[in-house]
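Q: My structure is in protein_5.txt, and what it holds is compact mmCIF, C-alpha atoms:
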```txt
# COMPACT_ATOMS: atom_id res chain seq x y z
CA MET A 108 7.87 22.86 16.54
CA LYS A 109 5.03 20.64 17.76
CA PHE A 110 1.44 21.30 16.70
CA THR A 111 -1.36 19.60 18.65
CA ILE A 112 -4.91 19.50 17.29
CA ASP A 113 -8.18 17.67 17.88
CA SER A 114 -10.92 16.59 15.48
CA ASN A 115 -12.53 20.05 15.55
CA ASP A 116 -9.43 21.40 13.80
CA SER A 117 -8.31 20.99 10.20
CA ILE A 118 -5.27 18.83 9.49
CA ASN A 119 -4.75 20.56 6.13
CA GLU A 120 -4.84 24.05 7.64
CA THR A 121 -2.35 23.00 10.28
CA LEU A 122 -0.03 21.47 7.68
CA LYS A 123 0.14 24.85 5.92
CA LYS A 124 1.81 26.27 9.05
CA MET A 125 4.35 23.49 9.41
CA LYS A 126 7.98 23.54 8.32
CA SER A 127 10.71 20.95 7.96
CA GLY A 128 11.39 19.24 11.28
CA ASP A 129 7.96 19.92 12.78
CA THR A 130 5.63 17.37 14.36
CA LEU A 131 1.83 17.20 14.20
CA PHE A 132 0.15 15.42 17.14
CA LEU A 133 -3.44 14.30 16.62
CA LYS A 134 -5.65 13.80 19.65
CA ASN A 135 -8.16 10.94 19.62
CA GLY A 136 -11.13 11.57 17.33
CA LEU A 137 -12.56 11.20 13.85
CA TYR A 138 -10.98 13.54 11.29
CA ASN A 139 -13.29 13.65 8.25
CA GLU A 140 -10.88 15.21 5.83
CA LYS A 141 -9.04 14.57 2.57
CA VAL A 142 -5.43 15.37 3.47
CA VAL A 143 -2.39 16.23 1.34
CA VAL A 144 1.13 16.42 2.84
CA LEU A 145 3.58 18.43 0.71
CA THR A 146 6.16 19.42 3.36
CA ASP A 147 9.39 17.44 3.72
CA ASN A 148 10.81 16.11 6.99
CA ILE A 149 7.73 16.12 9.20
CA ASN A 150 6.13 13.66 11.64
CA ILE A 151 2.43 12.96 12.11
CA ILE A 152 1.68 11.09 15.32
CA GLY A 153 -1.65 9.94 16.72
CA GLU A 154 -2.62 9.65 20.37
CA THR A 155 -4.04 6.12 20.03
CA MET A 156 -3.69 3.93 16.94
CA ASP A 157 -7.34 2.89 16.64
CA GLU A 158 -8.89 6.07 18.06
CA VAL A 159 -7.25 8.61 15.78
CA VAL A 160 -9.07 8.05 12.47
CA ILE A 161 -8.52 10.07 9.30
CA SER A 162 -11.49 9.23 7.08
CA ASN A 163 -12.81 10.05 3.62
CA HIS A 164 -15.35 8.67 1.13
CA ASP A 165 -14.19 9.08 -2.49
CA TRP A 166 -14.33 6.31 -5.08
CA PHE A 167 -13.30 5.79 -8.71
CA THR A 168 -16.53 6.82 -10.50
CA LYS A 169 -17.60 9.58 -8.10
CA ILE A 170 -18.20 12.85 -9.94
CA MET A 171 -15.93 15.50 -8.47
CA PRO A 172 -16.31 19.32 -8.37
CA ASP A 173 -14.48 19.57 -11.72
CA TYR A 174 -17.26 17.39 -13.23
CA ASN A 175 -14.82 14.57 -13.97
CA GLU A 176 -14.84 11.11 -12.46
CA CYS A 177 -12.62 10.93 -9.43
CA ASN A 178 -10.19 8.39 -10.93
CA THR A 179 -8.29 5.94 -8.72
CA PHE A 180 -5.46 8.37 -8.02
CA ARG A 181 -7.72 11.09 -6.63
CA THR A 182 -9.67 8.80 -4.30
CA TYR A 183 -7.09 8.91 -1.49
CA THR A 184 -7.87 9.89 2.08
CA LEU A 185 -4.24 10.82 2.84
CA LEU A 186 -1.61 11.62 0.21
CA ILE A 187 2.05 11.94 1.24
CA ALA A 188 4.01 13.88 -1.39
CA GLY A 189 6.74 15.22 0.92
CA ASN A 190 10.01 13.37 1.44
CA ASN A 191 11.23 12.00 4.77
CA VAL A 192 7.74 11.89 6.28
CA ASN A 193 6.93 9.60 9.23
CA ILE A 194 3.44 8.72 10.41
CA SER A 195 2.60 6.59 13.43
CA ASN A 196 -0.11 5.49 15.83
CA LEU A 197 -3.20 6.29 13.78
CA THR A 198 -5.81 4.90 11.37
CA ILE A 199 -6.43 5.94 7.77
CA GLU A 200 -9.59 4.73 6.10
CA ASN A 201 -11.52 5.02 2.89
CA THR A 202 -15.09 4.09 3.77
CA CYS A 203 -16.01 3.09 0.21
CA THR A 204 -16.73 -0.56 0.91
CA PRO A 205 -17.72 -3.06 -0.37
CA SER A 206 -15.62 -2.95 -3.51
CA SER A 207 -18.45 -4.60 -5.44
CA ARG A 208 -20.31 -1.29 -5.10
CA TYR A 209 -17.53 1.29 -5.24
CA GLY A 210 -14.55 -0.30 -6.98
CA GLN A 211 -11.17 1.40 -6.52
CA ALA A 212 -10.89 3.58 -3.42
CA VAL A 213 -7.47 4.46 -1.97
CA ALA A 214 -6.94 5.13 1.74
CA LEU A 215 -3.21 6.02 1.70
CA TYR A 216 -1.23 7.23 -1.32
CA VAL A 217 2.52 7.72 -0.82
CA GLU A 218 4.52 9.60 -3.44
CA GLY A 219 7.44 10.91 -1.38
CA ASP A 220 10.78 9.22 -0.77
CA ASN A 221 12.06 7.79 2.51
CA PHE A 222 8.57 7.39 4.01
CA LYS A 223 7.84 5.35 7.12
CA ALA A 224 4.58 4.21 8.73
CA THR A 225 4.71 2.59 12.17
CA ASP A 226 1.72 1.22 14.09
CA VAL A 227 -0.70 2.44 11.43
CA ILE A 228 -4.02 0.86 10.45
CA LEU A 229 -5.05 1.16 6.79
CA LYS A 230 -8.68 0.29 6.02
CA GLY A 231 -10.25 -0.09 2.62
CA ALA A 232 -11.29 -2.71 0.09
CA GLN A 233 -9.97 -2.45 -3.48
CA ASP A 234 -6.70 -0.46 -3.79
CA THR A 235 -6.33 0.45 -0.10
CA LEU A 236 -2.65 1.43 -0.34
CA PHE A 237 -1.01 2.97 -3.41
CA THR A 238 2.76 3.00 -3.17
CA GLY A 239 3.69 5.60 -5.77
CA PRO A 240 4.96 6.83 -8.06
CA LEU A 241 2.65 6.20 -10.96
CA PRO A 242 3.85 3.84 -13.69
CA PRO A 243 5.38 5.77 -16.63
CA ASP A 244 2.41 5.20 -18.94
CA LEU A 245 0.00 6.66 -16.39
CA ILE A 246 2.22 9.70 -15.84
CA ILE A 247 1.83 10.43 -19.54
CA ARG A 248 -1.89 9.67 -19.55
CA HIS A 249 -2.71 11.91 -16.61
CA GLN A 250 -0.81 15.04 -17.73
CA GLY A 251 -3.08 18.04 -17.20
CA PHE A 252 -5.45 15.98 -15.05
CA LEU A 253 -3.46 15.24 -11.90
CA PRO A 254 -1.34 17.90 -10.13
CA ASP A 255 2.38 18.05 -10.85
CA PHE A 256 3.37 16.50 -7.50
CA GLN A 257 1.63 13.29 -8.56
CA LEU A 258 3.41 13.19 -11.91
CA ARG A 259 7.07 13.50 -10.89
CA GLY A 260 7.86 9.81 -11.22
CA ASN A 261 10.66 10.01 -8.65
CA LYS A 262 11.87 6.85 -6.94
CA SER A 263 10.17 6.18 -3.63
CA ARG A 264 11.41 4.05 -0.76
CA GLN A 265 8.80 3.17 1.84
CA ILE A 266 8.66 1.24 5.12
CA TYR A 267 5.55 -0.14 6.84
CA GLU A 268 6.34 -1.61 10.25
CA ASP A 269 3.90 -3.18 12.72
CA CYS A 270 0.97 -2.01 10.58
CA GLN A 271 -2.45 -3.52 9.85
CA ILE A 272 -3.57 -3.33 6.23
CA TYR A 273 -7.11 -4.36 5.20
CA GLY A 274 -8.46 -4.95 1.71
CA ASP A 275 -9.69 -7.42 -0.88
CA VAL A 276 -8.42 -6.79 -4.43
CA ASP A 277 -4.95 -5.44 -5.30
CA PHE A 278 -5.03 -3.64 -1.98
CA ILE A 279 -1.29 -2.99 -1.92
CA PHE A 280 -0.21 -1.76 -5.37
CA GLY A 281 2.26 0.47 -7.13
CA THR A 282 5.91 0.93 -8.05
CA ALA A 283 7.74 1.84 -4.82
CA GLN A 284 10.56 -0.09 -3.22
CA ALA A 285 8.44 -0.91 -0.18
CA LEU A 286 9.23 -2.97 2.91
CA PHE A 287 6.41 -4.49 4.93
CA ILE A 288 7.84 -5.84 8.16
CA ASN A 289 5.92 -7.49 11.01
CA CYS A 290 2.63 -6.35 9.46
CA ASP A 291 -0.81 -7.96 9.60
CA ILE A 292 -2.13 -8.18 6.04
CA ILE A 293 -5.86 -8.79 6.41
CA SER A 294 -7.99 -9.93 3.47
CA ILE A 295 -11.62 -8.92 3.93
CA PRO A 296 -14.36 -11.17 2.48
CA THR A 297 -14.92 -10.85 -1.26
CA LYS A 298 -18.15 -12.85 -1.38
CA THR A 299 -20.17 -9.79 -2.45
CA ARG A 300 -18.13 -9.54 -5.67
CA LYS A 301 -18.89 -11.45 -8.84
CA GLU A 302 -15.22 -12.39 -8.78
CA LYS A 303 -14.66 -14.13 -5.44
CA LEU A 304 -10.89 -14.19 -5.73
CA GLY A 305 -8.74 -11.86 -3.67
CA TYR A 306 -5.32 -10.39 -4.43
CA ILE A 307 -3.09 -8.93 -1.75
CA SER A 308 -0.57 -7.08 -3.88
CA ALA A 309 -0.25 -5.80 -7.43
CA PRO A 310 3.30 -4.55 -8.04
CA ALA A 311 4.05 -2.53 -11.18
CA HIS A 312 7.80 -2.02 -11.17
CA ASN A 313 9.95 -1.16 -14.14
CA LYS A 314 12.21 -3.77 -15.74
CA GLU A 315 15.34 -2.07 -14.34
CA ASP A 316 14.05 -2.20 -10.75
CA GLU A 317 15.82 -5.13 -9.13
CA TYR A 318 13.73 -4.83 -5.97
CA GLY A 319 10.07 -3.97 -5.50
CA TYR A 320 8.01 -5.19 -2.55
CA LEU A 321 9.33 -7.20 0.38
CA PHE A 322 6.84 -8.72 2.80
CA TYR A 323 9.06 -9.82 5.67
CA LYS A 324 7.77 -11.66 8.73
CA CYS A 325 4.21 -10.60 7.93
CA ASN A 326 1.02 -12.40 8.91
CA MET A 327 -1.57 -12.95 6.16
CA THR A 328 -4.98 -13.48 7.73
CA SER A 329 -8.67 -13.45 6.84
CA ASP A 330 -12.02 -13.80 8.57
CA ASP A 331 -13.22 -15.87 5.60
CA ASN A 332 -11.07 -18.93 4.96
CA ASN A 333 -13.46 -20.12 2.26
CA GLN A 334 -12.26 -17.47 -0.16
CA GLU A 335 -9.16 -17.88 -2.29
CA VAL A 336 -6.57 -15.12 -2.10
CA TYR A 337 -3.37 -14.77 -4.12
CA LEU A 338 -0.26 -13.21 -2.63
CA ALA A 339 0.47 -11.14 -5.73
CA ARG A 340 -0.28 -10.51 -9.37
CA PRO A 341 1.71 -8.15 -11.63
CA TRP A 342 -0.12 -4.90 -12.44
CA ARG A 343 2.59 -4.19 -15.01
CA ASP A 344 4.82 -6.68 -16.82
CA TYR A 345 7.85 -6.55 -14.54
CA GLY A 346 6.21 -6.17 -11.15
CA THR A 347 8.32 -7.71 -8.40
CA ALA A 348 7.53 -8.87 -4.87
CA ALA A 349 9.05 -11.21 -2.30
CA PHE A 350 7.34 -12.98 0.58
CA ILE A 351 9.89 -14.12 3.14
CA ASP A 352 9.31 -15.77 6.52
CA CYS A 353 5.61 -14.87 6.44
CA THR A 354 2.73 -16.85 7.91
CA TYR A 355 -0.30 -17.69 5.78
CA GLY A 356 -3.89 -18.40 6.67
CA LYS A 357 -5.94 -21.07 4.92
CA HIS A 358 -7.31 -18.43 2.54
CA ILE A 359 -4.02 -18.16 0.63
CA SER A 360 -4.19 -19.99 -2.69
CA LYS A 361 -2.00 -23.05 -3.07
CA LEU A 362 -0.77 -21.54 -6.32
CA GLY A 363 0.44 -18.50 -4.42
CA PHE A 364 0.63 -16.16 -7.39
CA ASN A 365 -1.45 -15.08 -10.39
CA LYS A 366 -0.21 -13.85 -13.77
CA TRP A 367 -3.02 -11.23 -14.17
CA ASN A 368 -5.93 -12.43 -16.26
CA ASN A 369 -5.05 -13.40 -19.85
CA THR A 370 -1.64 -11.72 -19.97
CA ASN A 371 1.76 -13.31 -20.47
CA ARG A 372 3.18 -11.68 -17.34
CA ASP A 373 4.16 -15.05 -15.94
CA LYS A 374 7.11 -14.70 -18.33
CA THR A 375 8.20 -11.28 -17.04
CA ALA A 376 7.02 -10.80 -13.44
CA ARG A 377 9.53 -11.45 -10.67
CA PHE A 378 8.02 -13.08 -7.61
CA TYR A 379 10.03 -14.72 -4.83
CA GLU A 380 9.17 -16.72 -1.75
CA TYR A 381 10.80 -18.37 1.22
CA ASN A 382 8.49 -20.33 3.47
CA LYS A 383 9.23 -23.72 5.03
CA ASP A 384 5.56 -24.49 5.66
CA ILE A 385 4.24 -24.59 2.11
CA ASN A 386 4.21 -27.35 -0.46
CA ILE A 387 6.32 -25.82 -3.21
CA LYS A 388 5.06 -28.41 -5.69
CA ASP A 389 1.69 -26.60 -5.61
CA ARG A 390 3.18 -23.19 -6.34
CA GLU A 391 3.19 -21.56 -9.77
CA PRO A 392 6.50 -22.72 -11.32
CA TRP A 393 7.37 -19.22 -12.58
CA ALA A 394 7.52 -17.86 -8.98
CA LYS A 395 11.01 -18.53 -7.61
CA GLN A 396 11.47 -20.37 -4.32
CA LEU A 397 14.59 -19.00 -2.63
CA THR A 398 17.26 -20.96 -0.84
CA LYS A 399 18.24 -19.86 2.66
CA ASP A 400 21.37 -18.16 1.37
CA GLU A 401 19.41 -16.39 -1.36
CA LYS A 402 16.82 -15.34 1.19
CA ASP A 403 19.40 -13.89 3.58
CA LYS A 404 21.09 -11.96 0.77
CA TYR A 405 17.79 -10.62 -0.54
CA VAL A 406 16.64 -9.42 2.87
CA ASN A 407 19.95 -7.80 3.78
CA GLU A 408 20.18 -5.92 0.49
CA PHE A 409 16.56 -4.80 0.64
CA LEU A 410 16.88 -3.46 4.19
CA LYS A 411 19.89 -1.42 3.10
CA LEU A 412 18.04 -0.13 0.06
CA VAL A 413 15.17 1.32 2.10
CA ASN A 414 17.42 2.51 4.97
CA TYR A 415 15.71 0.29 7.52
CA ASN A 416 17.09 0.62 11.03
CA LYS A 417 15.42 -1.12 13.95
```
Could you express the structure from this file as structure tokens?

A:
Amino acid sequence: MKFTIDSNDSINETLKKMKSGDTLFLKNGLYNEKVVVLTDNINIIGETMDEVVISNHDWFTKIMPDYNECNTFRTYTLLIAGNNVNISNLTIENTCTPSSRYGQAVALYVEGDNFKATDVILKGAQDTLFTGPLPPDLIIRHQGFLPDFQLRGNKSRQIYEDCQIYGDVDFIFGTAQALFINCDIISIPTKTRKEKLGYISAPAHNKEDEYGYLFYKCNMTSDDNNQEVYLARPWRDYGTAAFIDCTYGKHISKLGFNKWNNTNRDKTARFYEYNKDINIKDREPWAKQLTKDEKDKYVNEFLKLVNYNK
């Protein structure tokens, strides 16, 4: 069944009526709503990518109705907890910018498996996109605080194709096996922060996860080429990410990668890169530069893992 609504209607109320196999079509407009998707096998499609906007304004330290701080993992604008969910042709934003004022503020949080976003714009600053599930230690820590569907810890495969993702610090983070293909990854200026460095991704995968993030044929850009932005830093010891056949703006640090403050994660993190246009002598030596054969094998196996079909 197809449900069509406009911005005078509630997305959440409509979702309660939907069943597996249904589609929700959003007409152009601003939907000021904090949305949770629990139903499996549904599609959410916007009329126009930049004119269908789902928007919310929650940040880490905001005091919520339960008199607790919001916490990063309740700041989301849209949370996808159902499996086999597809979203396309819309914008999701958390308006808590700049990060120097608000800190962590998630726009999209994906917990479900076999998720795909196509032609989606994600806008935020710090922690724009959380690719769940939570790391094991946080699942334990947040028992009784977060709802059960955020504490399952199930594996999650995610695909982001032809998307635009905006942020400044760790703005793509989490533990999913996530493919970013033909995406624009846009670092917004960090000059209002005390720390003027930017970080695109912060993977937090478990040691047994062979694959984590793959940025494939993505374009890393910024309106401020005077800032210095790292491709990735490990949020947990064994975080893993690969950057293959991507294009980089001048804002990308020559070092490429960061070990995360004063940790020893340079000894455990697994970062990979294949890019003919960089000077590999400048790169952090603990980030592996792939050969062409290694690159081809990595990409082919990753696409199979996430069930990517063009």

Q: With only C-alpha atoms as the counted atoms, please give the residues lying no more than 10 Å from Thr121 in chain A, apart from itself and same-chain residues fewer than 2 positions off, as a ChimeraX atom specification.

A: /A:110-112,116-119,123-125,131

Q: Would you mind telling me which residue in A:Ile266, A:Ala283, A:Ile199, A:Ile246 lies nearest to Ala224 in chain A when using only C-alpha atoms?

A: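 Using only C-alpha atoms, Ala224 in chain A sits closest to A:Ile266.
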
Q: Which one of A:Asn150, A:Ser114, A:Asn221, A:Thr347 sits closest to Gly136 in chain A if you count all atoms listed in the file?

A: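 Closest residue, counting all atoms listed in the file: A:Ser114.
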
Q: Please provide the set of residues having any atom within 7 Å of Gly346 in chain A, restricted to all atoms listed in the file, with same-chain residues fewer than 3 positions apart removed, written as a PyMOL selection string.

A: chain A and resi 310-313+341-343+376-377

Q: Let me make sure I understand: among A:Asp275, A:Asp384, A:Asp403, A:Glu120, which one has the smallest atom-to-atom distance to Gly356 in chain A if we use all atoms listed in the file?

A: A:Asp384

Q: Tell me, as a ChimeraX atom specification, which residues lie within 9 Å of Tyr318 in chain A, counting all atoms listed in the file; anything in the same chain fewer than 3 positions away does not count.

A: /A:284-285,312,315,321,347-349,405,409,412

Q: Could you state the separation of CA of Glu317 in chain A and CA of Thr370 in chain A in Å, given to one decimal place?

A: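 Here the two named atoms are 21.6 Å from each other.
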
Q: Record the distance separating CA of Asp157 in chain A and CA of Ile295 in chain A, expressed in Å with one decimal.

A: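 Taking CA of Asp157 in chain A as the start and CA of Ile295 in chain A as the end point, the length is 17.9 Å.
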
Q: List the spatial neighbours of Lys402 in chain A as a list in words - criterion: any atom at most 10 Å away, all atoms listed in the file, same-chain residues fewer than 6 positions off excluded.

A: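 That gives Ala349, Phe350, Ile351, Asp352, Tyr379, Glu380, Tyr381, Asn382 and Gln396 of chain A.
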
Q: Work out how far apart CA of Asp330 in chain A and CA of Ile292 in chain A are and give it in Å to one decimal.

A: 11.7 Å

Q: Taking 3 positions as the minimum chain separation for residues in the same chain, which residues sit within 6 Å of range 175-192 of chain A when counting all atoms listed in the file? Answer as a PyMOL selection string.

A: chain A and resi 141-150+163+165-171+211-222

Q: Which residue, A:Asn115, A:Asn196, A:Asn201, A:Ser206, has the smallest gap to Cys270 in chain A when you use all atoms listed in the file?

A: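 Closest candidate: A:Asn196.
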
Q: Can you work out which one of A:Gly319, A:Ile387, A:Tyr174, A:Lys134 has the shortest atom-to-atom distance to Met156 in chain A, counting all atoms listed in the file?

A: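 The closest residue to Met156 in chain A is A:Lys134.
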
Q: For Ile161 in chain A, which of A:Leu133, A:Leu236, A:Met327, A:Leu258 is the closest residue, counting all atoms listed in the file?

A: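 Nearest candidate to Ile161 in chain A out of A:Leu133, A:Leu236, A:Met327, A:Leu258: A:Leu133.
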
Q: Would you mind putting back N, CA and C atoms on range 338-368 of chain A, then writing it out as a PDB file, in the coordinates of the input?

A:
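Dumped everything to part-v7.pdb:
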```
ATOM      1  N   LEU A 338      -1.212 -14.119  -3.253  1.00  0.00           N
ATOM      2  CA  LEU A 338      -0.260 -13.210  -2.630  1.00  0.00           C
ATOM      3  C   LEU A 338       0.035 -12.005  -3.521  1.00  0.00           C
ATOM      4  N   ALA A 339       0.121 -12.225  -4.819  1.00  0.00           N
ATOM      5  CA  ALA A 339       0.470 -11.140  -5.730  1.00  0.00           C
ATOM      6  C   ALA A 339       0.079 -11.478  -7.152  1.00  0.00           C
ATOM      7  N   ARG A 340      -0.177 -10.422  -7.919  1.00  0.00           N
ATOM      8  CA  ARG A 340      -0.280 -10.510  -9.370  1.00  0.00           C
ATOM      9  C   ARG A 340       0.314  -9.227  -9.938  1.00  0.00           C
ATOM     10  N   PRO A 341       0.992  -9.307 -11.088  1.00  0.00           N
ATOM     11  CA  PRO A 341       1.710  -8.150 -11.630  1.00  0.00           C
ATOM     12  C   PRO A 341       0.780  -7.177 -12.350  1.00  0.00           C
ATOM     13  N   TRP A 342       0.688  -5.950 -11.823  1.00  0.00           N
ATOM     14  CA  TRP A 342      -0.120  -4.900 -12.440  1.00  0.00           C
ATOM     15  C   TRP A 342       0.533  -4.396 -13.731  1.00  0.00           C
ATOM     16  N   ARG A 343       1.833  -4.444 -13.780  1.00  0.00           N
ATOM     17  CA  ARG A 343       2.590  -4.190 -15.010  1.00  0.00           C
ATOM     18  C   ARG A 343       3.547  -5.357 -15.210  1.00  0.00           C
ATOM     19  N   ASP A 344       4.111  -5.473 -16.423  1.00  0.00           N
ATOM     20  CA  ASP A 344       4.820  -6.680 -16.820  1.00  0.00           C
ATOM     21  C   ASP A 344       5.898  -7.126 -15.836  1.00  0.00           C
ATOM     22  N   TYR A 345       6.665  -6.180 -15.308  1.00  0.00           N
ATOM     23  CA  TYR A 345       7.850  -6.550 -14.540  1.00  0.00           C
ATOM     24  C   TYR A 345       7.681  -6.335 -13.032  1.00  0.00           C
ATOM     25  N   GLY A 346       6.447  -6.297 -12.579  1.00  0.00           N
ATOM     26  CA  GLY A 346       6.210  -6.170 -11.150  1.00  0.00           C
ATOM     27  C   GLY A 346       6.982  -7.203 -10.354  1.00  0.00           C
ATOM     28  N   THR A 347       7.505  -6.793  -9.195  1.00  0.00           N
ATOM     29  CA  THR A 347       8.320  -7.710  -8.400  1.00  0.00           C
ATOM     30  C   THR A 347       7.944  -7.628  -6.930  1.00  0.00           C
ATOM     31  N   ALA A 348       7.869  -8.795  -6.286  1.00  0.00           N
ATOM     32  CA  ALA A 348       7.530  -8.870  -4.870  1.00  0.00           C
ATOM     33  C   ALA A 348       8.109 -10.145  -4.277  1.00  0.00           C
ATOM     34  N   ALA A 349       8.510 -10.052  -3.025  1.00  0.00           N
ATOM     35  CA  ALA A 349       9.050 -11.210  -2.300  1.00  0.00           C
ATOM     36  C   ALA A 349       8.295 -11.385  -1.000  1.00  0.00           C
ATOM     37  N   PHE A 350       8.032 -12.625  -0.662  1.00  0.00           N
ATOM     38  CA  PHE A 350       7.340 -12.980   0.580  1.00  0.00           C
ATOM     39  C   PHE A 350       8.256 -13.909   1.353  1.00  0.00           C
ATOM     40  N   ILE A 351       8.838 -13.404   2.428  1.00  0.00           N
ATOM     41  CA  ILE A 351       9.890 -14.120   3.140  1.00  0.00           C
ATOM     42  C   ILE A 351       9.549 -14.244   4.617  1.00  0.00           C
ATOM     43  N   ASP A 352       9.577 -15.478   5.110  1.00  0.00           N
ATOM     44  CA  ASP A 352       9.310 -15.770   6.520  1.00  0.00           C
ATOM     45  C   ASP A 352       7.963 -15.220   6.979  1.00  0.00           C
ATOM     46  N   CYS A 353       6.968 -15.297   6.097  1.00  0.00           N
ATOM     47  CA  CYS A 353       5.610 -14.870   6.440  1.00  0.00           C
ATOM     48  C   CYS A 353       4.781 -16.074   6.876  1.00  0.00           C
ATOM     49  N   THR A 354       3.686 -15.810   7.558  1.00  0.00           N
ATOM     50  CA  THR A 354       2.730 -16.850   7.910  1.00  0.00           C
ATOM     51  C   THR A 354       1.456 -16.636   7.107  1.00  0.00           C
ATOM     52  N   TYR A 355       0.860 -17.750   6.648  1.00  0.00           N
ATOM     53  CA  TYR A 355      -0.300 -17.690   5.780  1.00  0.00           C
ATOM     54  C   TYR A 355      -1.502 -18.382   6.422  1.00  0.00           C
ATOM     55  N   GLY A 356      -2.659 -17.743   6.295  1.00  0.00           N
ATOM     56  CA  GLY A 356      -3.890 -18.400   6.670  1.00  0.00           C
ATOM     57  C   GLY A 356      -4.350 -19.360   5.581  1.00  0.00           C
ATOM     58  N   LYS A 357      -5.418 -20.095   5.867  1.00  0.00           N
ATOM     59  CA  LYS A 357      -5.940 -21.070   4.920  1.00  0.00           C
ATOM     60  C   LYS A 357      -6.505 -20.427   3.664  1.00  0.00           C
ATOM     61  N   HIS A 358      -6.721 -19.118   3.695  1.00  0.00           N
ATOM     62  CA  HIS A 358      -7.310 -18.430   2.540  1.00  0.00           C
ATOM     63  C   HIS A 358      -6.312 -18.253   1.402  1.00  0.00           C
ATOM     64  N   ILE A 359      -5.031 -18.381   1.680  1.00  0.00           N
ATOM     65  CA  ILE A 359      -4.020 -18.160   0.630  1.00  0.00           C
ATOM     66  C   ILE A 359      -4.029 -19.321  -0.366  1.00  0.00           C
ATOM     67  N   SER A 360      -4.134 -18.988  -1.634  1.00  0.00           N
ATOM     68  CA  SER A 360      -4.190 -19.990  -2.690  1.00  0.00           C
ATOM     69  C   SER A 360      -2.950 -20.870  -2.685  1.00  0.00           C
ATOM     70  N   LYS A 361      -3.132 -22.139  -2.958  1.00  0.00           N
ATOM     71  CA  LYS A 361      -2.000 -23.050  -3.070  1.00  0.00           C
ATOM     72  C   LYS A 361      -1.044 -22.638  -4.191  1.00  0.00           C
ATOM     73  N   LEU A 362      -1.599 -22.004  -5.213  1.00  0.00           N
ATOM     74  CA  LEU A 362      -0.770 -21.540  -6.320  1.00  0.00           C
ATOM     75  C   LEU A 362       0.118 -20.375  -5.905  1.00  0.00           C
ATOM     76  N   GLY A 363      -0.333 -19.615  -4.942  1.00  0.00           N
ATOM     77  CA  GLY A 363       0.440 -18.500  -4.420  1.00  0.00           C
ATOM     78  C   GLY A 363       0.320 -17.228  -5.237  1.00  0.00           C
ATOM     79  N   PHE A 364       0.518 -17.345  -6.552  1.00  0.00           N
ATOM     80  CA  PHE A 364       0.630 -16.160  -7.390  1.00  0.00           C
ATOM     81  C   PHE A 364      -0.256 -16.286  -8.626  1.00  0.00           C
ATOM     82  N   ASN A 365      -0.576 -15.136  -9.231  1.00  0.00           N
ATOM     83  CA  ASN A 365      -1.450 -15.080 -10.390  1.00  0.00           C
ATOM     84  C   ASN A 365      -0.777 -14.210 -11.456  1.00  0.00           C
ATOM     85  N   LYS A 366      -0.927 -14.578 -12.706  1.00  0.00           N
ATOM     86  CA  LYS A 366      -0.210 -13.850 -13.770  1.00  0.00           C
ATOM     87  C   LYS A 366      -0.944 -12.618 -14.269  1.00  0.00           C
ATOM     88  N   TRP A 367      -2.136 -12.348 -13.795  1.00  0.00           N
ATOM     89  CA  TRP A 367      -3.020 -11.230 -14.170  1.00  0.00           C
ATOM     90  C   TRP A 367      -3.801 -11.572 -15.440  1.00  0.00           C
ATOM     91  N   ASN A 368      -4.958 -12.138 -15.205  1.00  0.00           N
ATOM     92  CA  ASN A 368      -5.930 -12.430 -16.260  1.00  0.00           C
ATOM     93  C   ASN A 368      -5.291 -13.160 -17.441  1.00  0.00           C
TER      94      ASN A 368
END
```
